[in-house]
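Below is one structure, written out as structure tokens, with a few remarks after it.
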Amino acid sequence: MRAFLFPGQGSQAVGMGAALAGASRPAADAFAEVDEALGQNLFRLMREGPEDELKLTENAQPAIMAHSIAVLRTLGVKLADVVDFVAGHSLGEYSALCAAGSFDLATTAKLLKLRGRAMQQAVPVGQGAMAALLGADLALAQKIAEAAAQGEVCTVANDNDPTQVVISGHKGAIDRAIELAREMGAKRALPLPVSAPFHCPLMQPAAEAMADALSYVVLEAPAVPLYANVTAQPATDPDTIRSQLVEQVTGMVRWRESVANLFDAGVDEFVELGGKVLGGMVKRIAPDANVTSVVTIEDIEAVAKEIA
């Protein structure tokens with residue numbers, strides 16, 4: 001069995017998609033469609049930068065999605081014919097739903113632009129922070145977060161794999177967690193270069209904005225089940241998926257559990273579209289799985305032979 005995976009924030013880089021668009025008409029058309037939907041020359045920003053502008057959450061989120069869908073369209077397969085499940089890390093859940101036909105590309109781009117902007121605006125710059133705890137599992141990360149909170153928000157944001165958990169919350173609490181981490185048993189704690197504390201209760205204003213936006217859009221049942229971030233379980237019902245997308249803004253990304261559950265369900269082949277971050281996580285979660293990251297036209301041609 002096979003699952004397609006879609007990367008989250010941090011997979012953006014200046015130059016992304018440029019070579020692919022030059023080699024693939026479907027990819028170029030996908031980038032143009034996103035530009036038109038947003039009324040913004042996002043693809044030029046992806047190709048040329050500047051990097052600090054591309055890294056802005058409201059640009060990075062639709063850019064990463066556009067890149068994933070451009071890779072998928074270049075692959076030129078009917079999703080339900082070649083995969084059994086889809087999953088995406090945070091914003092990648094929207095990419096997965098677009099790939100599975102729940103949202104059209106223009107709608108997905110607009111939703112992610114709004115999501116990025118709403119998440120950025122939910123907490124004033126400098127008041128929130130995130131940190132990666134390395135050499136820490138979920139239980140240890142939760143203990144560190146609880147010890148550091150001291151009345152402020154400090155929670156697990158991403159349970160990425162058995163060796164990496166990300167925490168999020170008020171800057172003071174995250175600073176305390178970084179100090180406490182080593183003495184409590186983590187190998188390292190690294191502050192993350194993010195502009196807002198994602199996937200924690202401080203994102204509630206963004207969750208409300210997404211609840212409003214999602215109430216107006218058509219969300220079809222996906223062609224294959226989506227393993228949802230907030231439950232690590234498969235979902236196909238549009239109303240369920242809609243509510244999970246809202247919950248996801250403030251909730252923990254249960255990526256380790258999602259991959260483990262996919263593997264337990266019989267998925268032994270994982271293909272990451274448009275990034276190379278998730279592949280490493282998958283190998284740490286399910287070492288026996290076959291993992292492929294697809295970014296370049298050469299990657300696409302190689303995978304096309306395997307899944308034909």
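Simple scheme: letters A, B, ... for chains in structure tokens order, numbers from 1 for residues in each chain, numbers from 1 for ligands in the order shown.
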Taking 6 positions as the minimum chain separation for residues in the same chain, which residues sit within 6 Å of range 52-65 of chain A when counting only C-alpha atoms? Answer as a PDB file with N, CA and C atoms, in the first residue's frame.
```pdb
ATOM      1  N   GLN A  12      10.058  25.697   2.212  1.00  0.00           N
ATOM      2  CA  GLN A  12      10.220  26.718   1.178  1.00  0.00           C
ATOM      3  C   GLN A  12      11.694  27.094   1.007  1.00  0.00           C
ATOM      4  N   SER A  95      -2.712  20.772   1.160  1.00  0.00           N
ATOM      5  CA  SER A  95      -2.151  20.248  -0.094  1.00  0.00           C
ATOM      6  C   SER A  95      -2.701  18.852  -0.361  1.00  0.00           C
ATOM      7  N   ALA A 109      -5.326  27.721  -2.445  1.00  0.00           N
ATOM      8  CA  ALA A 109      -4.379  28.838  -2.360  1.00  0.00           C
ATOM      9  C   ALA A 109      -4.950  29.979  -1.523  1.00  0.00           C
ATOM     10  N   LEU A 112      -5.035  29.067   2.221  1.00  0.00           N
ATOM     11  CA  LEU A 112      -3.719  29.087   2.871  1.00  0.00           C
ATOM     12  C   LEU A 112      -3.170  30.499   3.002  1.00  0.00           C
ATOM     13  N   LYS A 113      -3.480  31.359   2.056  1.00  0.00           N
ATOM     14  CA  LYS A 113      -3.087  32.765   2.201  1.00  0.00           C
ATOM     15  C   LYS A 113      -3.753  33.355   3.440  1.00  0.00           C
ATOM     16  N   GLY A 116      -2.303  31.703   6.680  1.00  0.00           N
ATOM     17  CA  GLY A 116      -1.000  32.251   7.026  1.00  0.00           C
ATOM     18  C   GLY A 116      -1.106  33.640   7.639  1.00  0.00           C
ATOM     19  N   ARG A 117      -1.945  34.462   7.044  1.00  0.00           N
ATOM     20  CA  ARG A 117      -2.125  35.824   7.550  1.00  0.00           C
ATOM     21  C   ARG A 117      -2.770  35.804   8.938  1.00  0.00           C
TER      22      ARG A 117
END
```
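Inside range 204-243 of chain A, the residues DSSP reads as strand (DSSP E or B) when given the backbone are Leu226, Tyr227, Pro234 and Ala235 of chain A.
CA of Val86 in chain A is positioned 16.4 Å from CA of Val303 in chain A.
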For the interface of range 119-154 of chain A with range 171-193 of chain A (cut-off 8 Å, counting only C-alpha atoms), please tabulate each contacting residue of range 119-154 of chain A alongside its nearest pair of atoms and their separation in Å to one decimal, rows sorted by chain and increasing number, as a tab-separated table.
```
residue	atom	partner	partner_atom	distance
A:Gly126	CA	A:Lys171	CA	7.2
A:Gln127	CA	A:Lys171	CA	5.5
A:Gly128	CA	A:Lys171	CA	4.5
A:Ala129	CA	A:Lys171	CA	4.8
A:Met130	CA	A:Leu192	CA	5.5
A:Ala131	CA	A:Pro191	CA	4.2
A:Ala132	CA	A:Leu190	CA	5.2
A:Leu133	CA	A:Ala189	CA	4.6
A:Leu134	CA	A:Arg188	CA	5.1
A:Gly135	CA	A:Lys187	CA	4.9
A:Ala136	CA	A:Ala186	CA	5.0
A:Leu140	CA	A:Gly185	CA	7.7
A:Ile144	CA	A:Ala177	CA	6.1
A:Ala145	CA	A:Ala177	CA	6.2
A:Ala147	CA	A:Ala177	CA	7.5
A:Ala148	CA	A:Ala177	CA	5.0
A:Ala149	CA	A:Ala173	CA	5.1
A:Gln150	CA	A:Ala173	CA	7.3
A:Glu152	CA	A:Ala173	CA	6.3
A:Val153	CA	A:Ala173	CA	6.9
A:Cys154	CA	A:Ala173	CA	5.9
```
For Met16 in chain A, work out the shell of residues within 8 Å, counting only C-alpha atoms and skipping chain neighbours fewer than 6 positions away, then give it as a ChimeraX atom specification.
/A:46-47,67
Atomic separation - CA of Thr236 in chain A relative to CA of Ala221 in chain A, Å:
5.6 Å
Distance query range 196-210 of chain A at most 7 Å, only C-alpha atoms, self and fewer than 6 positions along chain excluded, as a PyMOL selection string:
chain A and resi 115+118-120+122-123+125+128-130+155+157+168-169+246-252
Restricting the output to N, CA and C atoms, write the selected residues as a PDB file, in the first residue's frame.
```pdb
ATOM      1  N   ARG A 115      -5.036  31.632   5.980  1.00  0.00           N
ATOM      2  CA  ARG A 115      -4.545  30.923   7.166  1.00  0.00           C
ATOM      3  C   ARG A 115      -3.208  31.498   7.628  1.00  0.00           C
ATOM      4  N   ALA A 118      -3.791  34.964   9.105  1.00  0.00           N
ATOM      5  CA  ALA A 118      -4.491  34.901  10.388  1.00  0.00           C
ATOM      6  C   ALA A 118      -3.582  34.371  11.495  1.00  0.00           C
ATOM      7  N   MET A 119      -2.739  33.395  11.175  1.00  0.00           N
ATOM      8  CA  MET A 119      -1.814  32.847  12.171  1.00  0.00           C
ATOM      9  C   MET A 119      -0.764  33.887  12.556  1.00  0.00           C
ATOM     10  N   GLN A 120      -0.319  34.659  11.569  1.00  0.00           N
ATOM     11  CA  GLN A 120       0.671  35.701  11.846  1.00  0.00           C
ATOM     12  C   GLN A 120       0.085  36.789  12.745  1.00  0.00           C
ATOM     13  N   ALA A 122      -2.429  36.546  14.865  1.00  0.00           N
ATOM     14  CA  ALA A 122      -3.054  36.083  16.110  1.00  0.00           C
ATOM     15  C   ALA A 122      -2.269  36.503  17.354  1.00  0.00           C
ATOM     16  N   VAL A 123      -0.959  36.596  17.213  1.00  0.00           N
ATOM     17  CA  VAL A 123      -0.086  36.927  18.348  1.00  0.00           C
ATOM     18  C   VAL A 123       0.896  38.007  17.899  1.00  0.00           C
ATOM     19  N   VAL A 125       4.115  40.095  17.169  1.00  0.00           N
ATOM     20  CA  VAL A 125       5.493  39.640  16.970  1.00  0.00           C
ATOM     21  C   VAL A 125       6.290  39.843  18.257  1.00  0.00           C
ATOM     22  N   GLY A 128       5.309  35.409  21.107  1.00  0.00           N
ATOM     23  CA  GLY A 128       5.255  33.955  21.039  1.00  0.00           C
ATOM     24  C   GLY A 128       6.547  33.387  20.493  1.00  0.00           C
ATOM     25  N   ALA A 129       6.729  32.068  20.666  1.00  0.00           N
ATOM     26  CA  ALA A 129       7.942  31.412  20.176  1.00  0.00           C
ATOM     27  C   ALA A 129       7.679  29.915  20.055  1.00  0.00           C
ATOM     28  N   MET A 130       8.603  29.236  19.354  1.00  0.00           N
ATOM     29  CA  MET A 130       8.571  27.784  19.244  1.00  0.00           C
ATOM     30  C   MET A 130       9.993  27.268  19.413  1.00  0.00           C
ATOM     31  N   THR A 155       2.911  24.375  25.174  1.00  0.00           N
ATOM     32  CA  THR A 155       2.345  23.075  24.835  1.00  0.00           C
ATOM     33  C   THR A 155       3.096  22.440  23.679  1.00  0.00           C
ATOM     34  N   ALA A 157       3.419  21.293  20.091  1.00  0.00           N
ATOM     35  CA  ALA A 157       2.816  21.711  18.824  1.00  0.00           C
ATOM     36  C   ALA A 157       2.890  20.609  17.778  1.00  0.00           C
ATOM     37  N   SER A 168       5.393  25.070  21.656  1.00  0.00           N
ATOM     38  CA  SER A 168       4.938  26.380  21.201  1.00  0.00           C
ATOM     39  C   SER A 168       4.232  27.088  22.342  1.00  0.00           C
ATOM     40  N   GLY A 169       4.305  28.425  22.341  1.00  0.00           N
ATOM     41  CA  GLY A 169       3.590  29.185  23.364  1.00  0.00           C
ATOM     42  C   GLY A 169       4.171  30.577  23.564  1.00  0.00           C
ATOM     43  N   VAL A 246     -10.121  23.201  11.388  1.00  0.00           N
ATOM     44  CA  VAL A 246     -10.216  24.299  12.364  1.00  0.00           C
ATOM     45  C   VAL A 246      -9.472  23.927  13.638  1.00  0.00           C
ATOM     46  N   GLU A 247      -9.707  22.725  14.121  1.00  0.00           N
ATOM     47  CA  GLU A 247      -9.062  22.253  15.350  1.00  0.00           C
ATOM     48  C   GLU A 247      -7.548  22.211  15.202  1.00  0.00           C
ATOM     49  N   GLN A 248      -7.092  21.915  13.988  1.00  0.00           N
ATOM     50  CA  GLN A 248      -5.669  21.784  13.712  1.00  0.00           C
ATOM     51  C   GLN A 248      -4.890  23.074  13.976  1.00  0.00           C
ATOM     52  N   VAL A 249      -5.523  24.220  13.847  1.00  0.00           N
ATOM     53  CA  VAL A 249      -4.812  25.498  14.010  1.00  0.00           C
ATOM     54  C   VAL A 249      -4.251  25.641  15.429  1.00  0.00           C
ATOM     55  N   THR A 250      -5.020  25.208  16.420  1.00  0.00           N
ATOM     56  CA  THR A 250      -4.572  25.292  17.814  1.00  0.00           C
ATOM     57  C   THR A 250      -4.094  23.950  18.346  1.00  0.00           C
ATOM     58  N   GLY A 251      -4.365  22.858  17.611  1.00  0.00           N
ATOM     59  CA  GLY A 251      -4.074  21.517  18.112  1.00  0.00           C
ATOM     60  C   GLY A 251      -2.700  21.007  17.722  1.00  0.00           C
ATOM     61  N   MET A 252      -2.332  19.912  18.344  1.00  0.00           N
ATOM     62  CA  MET A 252      -1.039  19.281  18.091  1.00  0.00           C
ATOM     63  C   MET A 252      -1.064  18.518  16.765  1.00  0.00           C
TER      64      MET A 252
END
```
Among range 134-307 of chain A, which residues carry a DSSP assignment of alpha helix (DSSP H), reported as a PyMOL selection string?
chain A and resi 138-149+171-181+204-214+238-250+255-264+278-285+297-307
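Each of A:Leu111, A:Val277, A:Met1, A:Ala13 was checked against Tyr216 in chain A using only C-alpha atoms; the smallest atom-to-atom distance is that of A:Leu111.
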I need the residue nearest Met281 in chain A from this list: A:Val294, A:Ala260, A:Ala37, A:Ala106. Use only C-alpha atoms for the distance.
A:Ala260
Identify, on the basis of only C-alpha atoms, every residue whose closest approach to Leu262 in chain A does not exceed 9 Å; exclude the query and any residue fewer than 2 positions from it along the same chain; express the result as a ChimeraX atom specification.
/A:3,85,227,232-234,257-260,264-268
Tell me, as an NGL selection string, which residues lie within 12 Å of Val282 in chain A, counting only C-alpha atoms; anything in the same chain fewer than 6 positions away does not count.
:A and (3-5 or 7 or 87 or 89 or 160-164 or 255-263 or 267-272 or 276 or 288-293)
Please dump the current selection as an mmCIF file, in the first residue's frame; keep N, CA and C atoms.
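And here's part.cif as it stands now:
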```cif
data_model
loop_
_atom_site.group_PDB
_atom_site.id
_atom_site.type_symbol
_atom_site.label_atom_id
_atom_site.label_comp_id
_atom_site.auth_asym_id
_atom_site.auth_seq_id
_atom_site.Cartn_x
_atom_site.Cartn_y
_atom_site.Cartn_z
ATOM 1 N N ALA A 3 1.112 5.699 0.383
ATOM 2 C CA ALA A 3 0.549 6.986 0.800
ATOM 3 C C ALA A 3 1.369 8.108 0.192
ATOM 4 N N PHE A 4 0.695 9.162 -0.242
ATOM 5 C CA PHE A 4 1.364 10.395 -0.645
ATOM 6 C C PHE A 4 1.359 11.349 0.544
ATOM 7 N N LEU A 5 2.517 11.957 0.811
ATOM 8 C CA LEU A 5 2.686 12.890 1.918
ATOM 9 C C LEU A 5 3.010 14.279 1.382
ATOM 10 N N PRO A 7 4.475 18.187 2.463
ATOM 11 C CA PRO A 7 5.258 18.867 3.509
ATOM 12 C C PRO A 7 4.619 20.138 4.033
ATOM 13 N N ALA A 87 -1.683 12.226 3.471
ATOM 14 C CA ALA A 87 -1.490 12.928 4.742
ATOM 15 C C ALA A 87 -0.593 14.124 4.484
ATOM 16 N N HIS A 89 1.615 17.510 6.598
ATOM 17 C CA HIS A 89 2.083 18.078 7.861
ATOM 18 C C HIS A 89 1.622 19.529 7.966
ATOM 19 N N ASN A 160 6.715 15.124 15.968
ATOM 20 C CA ASN A 160 7.199 14.830 14.614
ATOM 21 C C ASN A 160 7.684 13.401 14.425
ATOM 22 N N ASP A 161 8.542 12.951 15.335
ATOM 23 C CA ASP A 161 9.057 11.588 15.252
ATOM 24 C C ASP A 161 9.588 11.215 16.637
ATOM 25 N N PRO A 162 10.088 10.006 16.832
ATOM 26 C CA PRO A 162 10.485 9.600 18.189
ATOM 27 C C PRO A 162 11.611 10.424 18.802
ATOM 28 N N THR A 163 12.305 11.210 17.994
ATOM 29 C CA THR A 163 13.451 11.970 18.510
ATOM 30 C C THR A 163 13.271 13.479 18.411
ATOM 31 N N GLN A 164 12.127 13.947 17.919
ATOM 32 C CA GLN A 164 11.949 15.386 17.733
ATOM 33 C C GLN A 164 10.508 15.806 18.004
ATOM 34 N N TRP A 255 2.030 13.823 13.964
ATOM 35 C CA TRP A 255 2.650 13.255 12.777
ATOM 36 C C TRP A 255 3.234 11.870 13.047
ATOM 37 N N ARG A 256 3.919 11.712 14.166
ATOM 38 C CA ARG A 256 4.501 10.406 14.499
ATOM 39 C C ARG A 256 3.411 9.331 14.534
ATOM 40 N N GLU A 257 2.318 9.631 15.199
ATOM 41 C CA GLU A 257 1.217 8.664 15.283
ATOM 42 C C GLU A 257 0.590 8.416 13.912
ATOM 43 N N SER A 258 0.464 9.476 13.114
ATOM 44 C CA SER A 258 -0.147 9.329 11.783
ATOM 45 C C SER A 258 0.644 8.351 10.934
ATOM 46 N N VAL A 259 1.965 8.535 10.898
ATOM 47 C CA VAL A 259 2.808 7.658 10.089
ATOM 48 C C VAL A 259 2.796 6.235 10.650
ATOM 49 N N ALA A 260 2.887 6.118 11.978
ATOM 50 C CA ALA A 260 2.858 4.784 12.595
ATOM 51 C C ALA A 260 1.541 4.073 12.290
ATOM 52 N N ASN A 261 0.443 4.819 12.339
ATOM 53 C CA ASN A 261 -0.862 4.220 12.057
ATOM 54 C C ASN A 261 -1.006 3.840 10.587
ATOM 55 N N LEU A 262 -0.454 4.669 9.698
ATOM 56 C CA LEU A 262 -0.453 4.317 8.275
ATOM 57 C C LEU A 262 0.329 3.019 8.041
ATOM 58 N N PHE A 263 1.483 2.934 8.670
ATOM 59 C CA PHE A 263 2.319 1.739 8.525
ATOM 60 C C PHE A 263 1.593 0.504 9.070
ATOM 61 N N VAL A 267 0.480 0.377 4.954
ATOM 62 C CA VAL A 267 1.236 1.244 4.031
ATOM 63 C C VAL A 267 2.731 0.987 4.230
ATOM 64 N N ASP A 268 3.380 0.531 3.187
ATOM 65 C CA ASP A 268 4.823 0.302 3.280
ATOM 66 C C ASP A 268 5.610 1.187 2.318
ATOM 67 N N GLU A 269 4.895 2.032 1.567
ATOM 68 C CA GLU A 269 5.554 2.941 0.620
ATOM 69 C C GLU A 269 5.018 4.358 0.831
ATOM 70 N N PHE A 270 5.923 5.258 1.189
ATOM 71 C CA PHE A 270 5.568 6.653 1.443
ATOM 72 C C PHE A 270 6.281 7.537 0.420
ATOM 73 N N VAL A 271 5.520 8.385 -0.262
ATOM 74 C CA VAL A 271 6.084 9.269 -1.284
ATOM 75 C C VAL A 271 5.779 10.709 -0.886
ATOM 76 N N GLU A 272 6.840 11.484 -0.612
ATOM 77 C CA GLU A 272 6.689 12.896 -0.238
ATOM 78 C C GLU A 272 6.760 13.753 -1.492
ATOM 79 N N LYS A 276 11.628 17.439 1.204
ATOM 80 C CA LYS A 276 12.533 16.356 1.623
ATOM 81 C C LYS A 276 12.638 16.265 3.144
ATOM 82 N N ASP A 288 11.301 0.314 8.441
ATOM 83 C CA ASP A 288 11.173 -0.684 7.388
ATOM 84 C C ASP A 288 10.402 -0.181 6.169
ATOM 85 N N ALA A 289 9.873 1.026 6.264
ATOM 86 C CA ALA A 289 9.090 1.574 5.148
ATOM 87 C C ALA A 289 10.005 2.005 4.007
ATOM 88 N N ASN A 290 9.458 2.003 2.817
ATOM 89 C CA ASN A 290 10.143 2.519 1.633
ATOM 90 C C ASN A 290 9.740 3.974 1.455
ATOM 91 N N VAL A 291 10.701 4.879 1.496
ATOM 92 C CA VAL A 291 10.412 6.316 1.483
ATOM 93 C C VAL A 291 11.074 6.974 0.279
ATOM 94 N N THR A 292 10.311 7.781 -0.456
ATOM 95 C CA THR A 292 10.828 8.510 -1.614
ATOM 96 C C THR A 292 10.415 9.973 -1.502
ATOM 97 N N SER A 293 11.356 10.889 -1.700
ATOM 98 C CA SER A 293 11.055 12.318 -1.751
ATOM 99 C C SER A 293 11.144 12.784 -3.195
#
```
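Computed from the coordinates, the CA of Gln9 in chain A to CA of Gly275 in chain A distance equals 10.1 Å.
Distances here use only C-alpha atoms; by that measure, the residue among A:Leu97, A:Leu105, A:Ala286, A:Val82 closest to Glu36 in chain A is A:Leu105.
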